[in-house]
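Student: This is structure-v7.json, which holds JSON, C-alpha atoms:
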[["chain", "number", "residue", "atom", "x", "y", "z"],
["I", 1, "MET", "CA", 67.19, 288.76, 135.98],
["I", 2, "SER", "CA", 68.25, 285.82, 138.13],
["I", 3, "ASP", "CA", 71.89, 284.91, 138.73],
["I", 4, "ALA", "CA", 70.98, 281.21, 138.65],
["I", 5, "PHE", "CA", 72.15, 279.21, 135.65],
["I", 6, "ILE", "CA", 71.24, 275.71, 134.49],
["I", 7, "THR", "CA", 73.79, 273.48, 132.77],
["I", 8, "ILE", "CA", 72.45, 272.04, 129.52],
["I", 9, "ALA", "CA", 75.73, 270.53, 128.21],
["I", 10, "ARG", "CA", 79.39, 270.01, 129.12],
["I", 11, "VAL", "CA", 82.24, 270.27, 126.63],
["I", 12, "VAL", "CA", 84.06, 266.95, 126.59],
["I", 13, "LYS", "CA", 86.67, 267.44, 123.87],
["I", 14, "THR", "CA", 87.57, 269.24, 120.68],
["I", 15, "GLN", "CA", 85.88, 267.88, 117.54],
["I", 16, "GLY", "CA", 87.22, 268.69, 114.09],
["I", 17, "LEU", "CA", 89.68, 271.30, 112.85],
["I", 18, "ARG", "CA", 87.54, 274.47, 112.82],
["I", 19, "GLY", "CA", 86.89, 274.98, 116.54],
["I", 20, "GLU", "CA", 83.98, 272.59, 117.01],
["I", 21, "VAL", "CA", 83.57, 270.87, 120.39],
["I", 22, "ALA", "CA", 81.86, 267.61, 121.37],
["I", 23, "ALA", "CA", 79.46, 268.04, 124.29],
["I", 24, "GLU", "CA", 77.67, 265.71, 126.66],
["I", 25, "LEU", "CA", 74.00, 266.72, 126.97],
["I", 26, "PHE", "CA", 72.19, 267.47, 130.23],
["I", 27, "THR", "CA", 68.90, 268.46, 128.61],
["I", 28, "ASP", "CA", 65.88, 266.51, 127.45],
["I", 29, "PHE", "CA", 65.24, 269.28, 124.91],
["I", 30, "PRO", "CA", 68.25, 269.32, 122.52],
["I", 31, "GLU", "CA", 66.02, 270.69, 119.76],
["I", 32, "ARG", "CA", 65.95, 274.00, 121.66],
["I", 33, "PHE", "CA", 69.53, 274.70, 120.54],
["I", 34, "ALA", "CA", 67.84, 275.95, 117.34],
["I", 35, "GLU", "CA", 66.34, 278.88, 119.26],
["I", 36, "ARG", "CA", 69.10, 279.28, 121.87],
["I", 37, "ARG", "CA", 71.96, 281.02, 120.18],
["I", 38, "ARG", "CA", 73.23, 283.09, 123.11],
["I", 39, "LEU", "CA", 74.61, 280.80, 125.80],
["I", 40, "THR", "CA", 77.01, 281.05, 128.71],
["I", 41, "ALA", "CA", 80.18, 278.98, 129.09],
["I", 42, "TRP", "CA", 81.22, 278.40, 132.70],
["I", 43, "LEU", "CA", 84.90, 277.62, 132.33],
["I", 44, "LYS", "CA", 86.86, 275.26, 134.56],
["I", 45, "ASN", "CA", 88.68, 278.25, 136.12],
["I", 46, "GLY", "CA", 85.31, 279.60, 137.38],
["I", 47, "GLU", "CA", 85.05, 282.36, 134.77],
["I", 48, "ARG", "CA", 81.76, 282.87, 132.91],
["I", 49, "ARG", "CA", 81.90, 283.80, 129.26],
["I", 50, "ASP", "CA", 79.04, 284.60, 126.87],
["I", 51, "VAL", "CA", 79.19, 282.49, 123.71],
["I", 52, "GLU", "CA", 77.15, 282.57, 120.51],
["I", 53, "LEU", "CA", 76.15, 279.26, 118.97],
["I", 54, "GLU", "CA", 76.74, 279.25, 115.20],
["I", 55, "ASP", "CA", 75.84, 275.64, 114.49],
["I", 56, "PHE", "CA", 75.13, 272.31, 116.18],
["I", 57, "TRP", "CA", 74.45, 268.71, 115.21],
["I", 58, "PRO", "CA", 73.97, 265.39, 117.02],
["I", 59, "HIS", "CA", 76.93, 263.04, 117.16],
["I", 60, "LYS", "CA", 77.34, 259.70, 118.99],
["I", 61, "GLY", "CA", 74.70, 260.40, 121.66],
["I", 62, "GLY", "CA", 75.96, 263.91, 122.31],
["I", 63, "MET", "CA", 76.08, 267.17, 120.39],
["I", 64, "VAL", "CA", 78.77, 268.93, 118.38],
["I", 65, "LEU", "CA", 78.69, 272.68, 119.03],
["I", 66, "LYS", "CA", 80.31, 275.41, 116.95],
["I", 67, "PHE", "CA", 80.65, 278.82, 118.62],
["I", 68, "ALA", "CA", 81.36, 282.17, 116.92],
["I", 69, "GLY", "CA", 84.99, 283.22, 117.30],
["I", 70, "VAL", "CA", 86.12, 279.68, 118.20],
["I", 71, "ASP", "CA", 87.76, 278.79, 114.89],
["I", 72, "SER", "CA", 90.69, 276.50, 115.68],
["I", 73, "ILE", "CA", 91.57, 273.47, 117.76],
["I", 74, "GLU", "CA", 93.55, 275.80, 120.06],
["I", 75, "ASP", "CA", 90.46, 278.00, 120.62],
["I", 76, "ALA", "CA", 88.31, 274.93, 121.25],
["I", 77, "GLU", "CA", 90.82, 273.54, 123.79],
["I", 78, "LYS", "CA", 90.07, 276.55, 126.03],
["I", 79, "LEU", "CA", 86.43, 275.39, 126.28],
["I", 80, "LYS", "CA", 87.28, 271.82, 127.31],
["I", 81, "GLY", "CA", 85.42, 270.96, 130.54],
["I", 82, "ALA", "CA", 83.24, 274.08, 130.32],
["I", 83, "GLU", "CA", 79.59, 273.81, 131.26],
["I", 84, "ILE", "CA", 77.27, 275.33, 128.68],
["I", 85, "GLN", "CA", 74.48, 277.08, 130.54],
["I", 86, "ILE", "CA", 71.31, 279.13, 130.23],
["I", 87, "PRO", "CA", 69.62, 281.39, 132.79],
["I", 88, "SER", "CA", 67.21, 279.30, 134.88],
["I", 89, "GLU", "CA", 64.22, 281.38, 133.76],
["I", 90, "GLN", "CA", 64.81, 280.18, 130.17],
["I", 91, "ARG", "CA", 64.18, 276.52, 130.99],
["I", 92, "ALA", "CA", 61.49, 274.75, 128.97],
["I", 93, "GLU", "CA", 58.04, 274.54, 130.56],
["I", 94, "LEU", "CA", 57.29, 271.05, 131.85],
["I", 95, "GLU", "CA", 54.01, 269.19, 131.82],
["I", 96, "ASP", "CA", 52.06, 268.92, 135.08],
["I", 97, "GLY", "CA", 53.68, 266.59, 137.59],
["I", 98, "ALA", "CA", 57.12, 266.72, 135.94],
["I", 99, "VAL", "CA", 60.11, 268.28, 137.71],
["I", 100, "TYR", "CA", 63.65, 269.15, 136.80],
["I", 101, "VAL", "CA", 66.32, 266.94, 138.39],
["I", 102, "SER", "CA", 68.24, 270.09, 139.33],
["I", 103, "ASP", "CA", 65.22, 271.23, 141.39],
["I", 104, "LEU", "CA", 65.29, 267.99, 143.40],
["I", 105, "ILE", "CA", 69.01, 268.08, 144.26],
["I", 106, "GLY", "CA", 69.50, 269.54, 147.74],
["I", 107, "CYS", "CA", 65.88, 269.12, 148.85],
["I", 108, "ALA", "CA", 65.40, 267.87, 152.43],
["I", 109, "VAL", "CA", 63.44, 264.60, 152.49],
["I", 110, "SER", "CA", 61.29, 263.27, 155.32],
["I", 111, "ALA", "CA", 59.19, 260.13, 155.22],
["I", 112, "THR", "CA", 56.80, 257.89, 157.09],
["I", 113, "SER", "CA", 56.77, 254.15, 156.51],
["I", 114, "GLY", "CA", 53.97, 251.94, 157.79],
["I", 115, "ASN", "CA", 53.06, 253.01, 161.31],
["I", 116, "GLN", "CA", 56.48, 254.61, 161.93],
["I", 117, "PRO", "CA", 56.56, 258.35, 162.80],
["I", 118, "GLU", "CA", 57.89, 260.83, 160.26],
["I", 119, "LYS", "CA", 61.69, 260.68, 160.00],
["I", 120, "GLU", "CA", 64.16, 263.16, 158.50],
["I", 121, "LEU", "CA", 66.16, 261.15, 155.94],
["I", 122, "GLY", "CA", 68.60, 263.77, 154.66],
["I", 123, "GLU", "CA", 69.02, 265.64, 151.38],
["I", 124, "VAL", "CA", 68.73, 264.53, 147.77],
["I", 125, "ALA", "CA", 72.32, 264.16, 146.55],
["I", 126, "ASP", "CA", 71.53, 262.71, 143.12],
["I", 127, "VAL", "CA", 68.82, 261.17, 140.97],
["I", 128, "ILE", "CA", 69.76, 257.80, 139.49],
["I", 129, "PHE", "CA", 68.18, 256.67, 136.22],
["I", 130, "GLY", "CA", 68.17, 253.21, 134.65],
["I", 131, "ALA", "CA", 67.97, 251.20, 137.89],
["I", 132, "GLY", "CA", 64.33, 250.24, 137.29],
["I", 133, "GLU", "CA", 61.06, 251.67, 136.09],
["I", 134, "ALA", "CA", 61.32, 254.77, 138.28],
["I", 135, "PRO", "CA", 64.33, 256.99, 138.92],
["I", 136, "LEU", "CA", 65.82, 256.69, 142.40],
["I", 137, "LEU", "CA", 66.38, 259.60, 144.75],
["I", 138, "GLN", "CA", 69.77, 259.17, 146.40],
["I", 139, "VAL", "CA", 69.13, 260.71, 149.82],
["I", 140, "LYS", "CA", 72.15, 261.18, 152.10],
["I", 141, "GLN", "CA", 72.60, 262.19, 155.71],
["I", 142, "GLY", "CA", 76.20, 261.82, 156.82],
["I", 143, "ALA", "CA", 77.31, 258.28, 155.99],
["I", 144, "LYS", "CA", 73.72, 257.00, 155.76],
["I", 145, "GLU", "CA", 72.19, 256.69, 152.30],
["I", 146, "TYR", "CA", 68.69, 255.81, 151.11],
["I", 147, "LEU", "CA", 67.67, 254.96, 147.54],
["I", 148, "ILE", "CA", 63.98, 255.82, 147.19],
["I", 149, "PRO", "CA", 61.91, 255.37, 144.01],
["I", 150, "TRP", "CA", 60.66, 258.74, 142.75],
["I", 151, "VAL", "CA", 57.05, 257.79, 142.06],
["I", 152, "GLU", "CA", 54.00, 260.01, 142.42],
["I", 153, "ARG", "CA", 52.16, 257.72, 144.84],
["I", 154, "PHE", "CA", 55.04, 257.98, 147.38],
["I", 155, "VAL", "CA", 55.11, 261.80, 147.33],
["I", 156, "ARG", "CA", 52.83, 263.21, 150.01],
["I", 157, "LYS", "CA", 53.93, 266.82, 149.55],
["I", 158, "GLN", "CA", 56.63, 268.61, 147.57],
["I", 159, "ASP", "CA", 57.57, 272.25, 147.96],
["I", 160, "LEU", "CA", 60.52, 272.81, 145.67],
["I", 161, "LYS", "CA", 60.73, 276.54, 146.51],
["I", 162, "ALA", "CA", 61.14, 275.62, 150.20],
["I", 163, "ARG", "CA", 63.48, 272.75, 149.14],
["I", 164, "ARG", "CA", 61.36, 270.14, 150.98],
["I", 165, "ILE", "CA", 59.83, 266.76, 150.02],
["I", 166, "GLU", "CA", 57.57, 264.69, 152.30],
["I", 167, "MET", "CA", 57.02, 261.06, 151.35],
["I", 168, "GLU", "CA", 54.87, 258.17, 152.51],
["I", 169, "LEU", "CA", 56.72, 254.93, 151.77],
["I", 170, "PRO", "CA", 55.59, 251.30, 151.89],
["I", 171, "GLU", "CA", 56.18, 249.59, 155.22],
["I", 172, "GLY", "CA", 59.72, 248.25, 155.51],
["I", 173, "MET", "CA", 61.19, 250.27, 152.63],
["I", 174, "LEU", "CA", 63.41, 252.34, 154.92],
["I", 175, "GLU", "CA", 64.68, 249.20, 156.65],
["I", 176, "LEU", "CA", 65.90, 247.56, 153.41],
["I", 177, "ASP", "CA", 69.31, 249.20, 153.75],
["I", 178, "ALA", "CA", 69.32, 249.31, 157.54],
["I", 179, "PRO", "CA", 72.27, 247.72, 159.33],
["I", 180, "LEU", "CA", 71.68, 244.34, 160.97],
["I", 181, "SER", "CA", 70.92, 244.24, 164.67],
["I", 182, "ARG", "CA", 73.34, 242.42, 166.99],
["I", 183, "LYS", "CA", 70.86, 239.52, 167.21],
["I", 184, "GLU", "CA", 70.63, 239.32, 163.39],
["I", 185, "LYS", "CA", 74.44, 239.39, 163.04],
["I", 186, "ASP", "CA", 74.86, 236.59, 165.60],
["I", 187, "ALA", "CA", 72.19, 234.50, 163.85],
["I", 188, "ALA", "CA", 73.86, 235.07, 160.47],
["I", 189, "GLN", "CA", 77.23, 233.93, 161.85],
["I", 190, "ARG", "CA", 75.61, 230.73, 163.17],
["I", 191, "GLY", "CA", 73.99, 230.16, 159.76],
["I", 192, "GLU", "CA", 70.46, 230.58, 161.14],
["I", 193, "LYS", "CA", 67.66, 232.19, 159.22],
["I", 194, "GLY", "CA", 66.06, 235.31, 160.63],
["I", 195, "GLU", "CA", 62.57, 235.35, 162.10]]
Can the structure from this file be put into structure tokens for me?
Tutor:
Amino acid sequence: MSDAFITIARVVKTQGLRGEVAAELFTDFPERFAERRRLTAWLKNGERRDVELEDFWPHKGGMVLKFAGVDSIEDAEKLKGAEIQIPSEQRAELEDGAVYVSDLIGCAVSATSGNQPEKELGEVADVIFGAGEAPLLQVKQGAKEYLIPWVERFVRKQDLKARRIEMELPEGMLELDAPLSRKEKDAAQRGEKGE
């Protein structure tokens, strides 16, 4: 059995008088709580604790969870901030071409753009949703950051086991966030348009 766990929810606050907690969801499959009764709580102090889910129901975009043996507000307070997790091998199967966000985080990304040679861009730090039609990979290397649309036609090769993604991006995409050259800065100060 793997030691790797996947966070499916985080306890935000107590909810009710009988030990229920309100949780923010990190899963696209909340219906699987019906079959997942044995979970792990990773507490803020770093301790892992097995918990048994007695009941759950949706509430205000999240989920209310009721665990066995957590029967008061005081008991529920101890779970505040805890990540509710499952072993990684229990994740839901995805359709072809789909990937888990957690599998992308930490992957090294390299890319070509136009006739430019392949360039190491950094590692995926986050995946940002809601900024357009496609999620954006936030790729960081030191202080430099790239926001790259995660679309199938840009992915040349992905090897998530090796933690590596190779992309082929449209010409100029990597230069969108590039700093201005000295010539461009001088022209901007004079109010001139670039070439």
Student: Could you tell me how far CA of Ala22 in chain I lies from CA of Asp50 in chain I, in Å and to one decimal?
Tutor: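 Between CA of Ala22 in chain I and CA of Asp50 in chain I the gap is 18.1 Å.
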Student: So the first atom is CA of Asp75 in chain I and the second is CA of Gln15 in chain I; what is the distance between them in Å, to one decimal place?
Tutor: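 Those two atoms sit 11.5 Å apart.
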Student: At most 8 Å from (51.5, 260.1, 151.1), file frame, only C-alpha atoms: which residues, as a JSON list (two decimals) with C-alpha atoms, keeping the file's coordinate frame?
Tutor:
[["chain", "number", "residue", "atom", "x", "y", "z"],
["I", 153, "ARG", "CA", 52.16, 257.72, 144.84],
["I", 154, "PHE", "CA", 55.04, 257.98, 147.38],
["I", 155, "VAL", "CA", 55.11, 261.80, 147.33],
["I", 156, "ARG", "CA", 52.83, 263.21, 150.01],
["I", 157, "LYS", "CA", 53.93, 266.82, 149.55],
["I", 166, "GLU", "CA", 57.57, 264.69, 152.30],
["I", 167, "MET", "CA", 57.02, 261.06, 151.35],
["I", 168, "GLU", "CA", 54.87, 258.17, 152.51],
["I", 169, "LEU", "CA", 56.72, 254.93, 151.77]]
Student: Using all atoms listed in the file for the distances, tell me which of I:Gln138, I:Ser110, I:Gln116, I:Gln85 is nearest to Arg38 in chain I.
Tutor: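 Using all atoms listed in the file, the shortest distance to Arg38 in chain I belongs to I:Gln85.
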Student: What's around Ile105 in chain I at 8 Å? Count all atoms listed in the file, leave out sequence neighbours fewer than 5 positions away in its own chain, and write the answer as a list in words.
Tutor: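 In the requested form, the answer reads Glu123, Val124, Ala125, Asp126 and Val127 of chain I.
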Student: Between CA of Val11 in chain I and CA of Lys44 in chain I, what is the distance, to one decimal in Å?
Tutor: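 For CA of Val11 in chain I relative to CA of Lys44 in chain I, the distance reads 10.4 Å.
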Student: Can you list, as a list in words, every protein, DNA or RNA residue that comes within 12 Å of Phe26 in chain I when you count all atoms listed in the file, leaving out same-chain residues fewer than 6 positions away?
Tutor: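 With the cut-off at 12 Å, the set is Ile6, Thr7, Ile8, Ala9, Arg10, Val11, Gly61, Gly62, Met63, Glu83, Ile84, Gln85, Ile86, Tyr100, Val101 and Ser102 of chain I.
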Student: Grab the residues selected above and save them as a PDB file, keeping the file's coordinate frame with C-alpha atoms.
Tutor:
ATOM      1  CA  ILE I   6      71.240 275.710 134.490  1.00  0.00           C
ATOM      2  CA  THR I   7      73.790 273.480 132.770  1.00  0.00           C
ATOM      3  CA  ILE I   8      72.450 272.040 129.520  1.00  0.00           C
ATOM      4  CA  ALA I   9      75.730 270.530 128.210  1.00  0.00           C
ATOM      5  CA  ARG I  10      79.390 270.010 129.120  1.00  0.00           C
ATOM      6  CA  VAL I  11      82.240 270.270 126.630  1.00  0.00           C
ATOM      7  CA  GLY I  61      74.700 260.400 121.660  1.00  0.00           C
ATOM      8  CA  GLY I  62      75.960 263.910 122.310  1.00  0.00           C
ATOM      9  CA  MET I  63      76.080 267.170 120.390  1.00  0.00           C
ATOM     10  CA  GLU I  83      79.590 273.810 131.260  1.00  0.00           C
ATOM     11  CA  ILE I  84      77.270 275.330 128.680  1.00  0.00           C
ATOM     12  CA  GLN I  85      74.480 277.080 130.540  1.00  0.00           C
ATOM     13  CA  ILE I  86      71.310 279.130 130.230  1.00  0.00           C
ATOM     14  CA  TYR I 100      63.650 269.150 136.800  1.00  0.00           C
ATOM     15  CA  VAL I 101      66.320 266.940 138.390  1.00  0.00           C
ATOM     16  CA  SER I 102      68.240 270.090 139.330  1.00  0.00           C
TER      17      SER I 102
END
Student: If you count only C-alpha atoms, which residues fall within 9 Å of range 158-163 of chain I, apart from same-chain ones fewer than 4 positions away, as a VMD selection string?
Tutor: chain I and resid 103 to 109 167
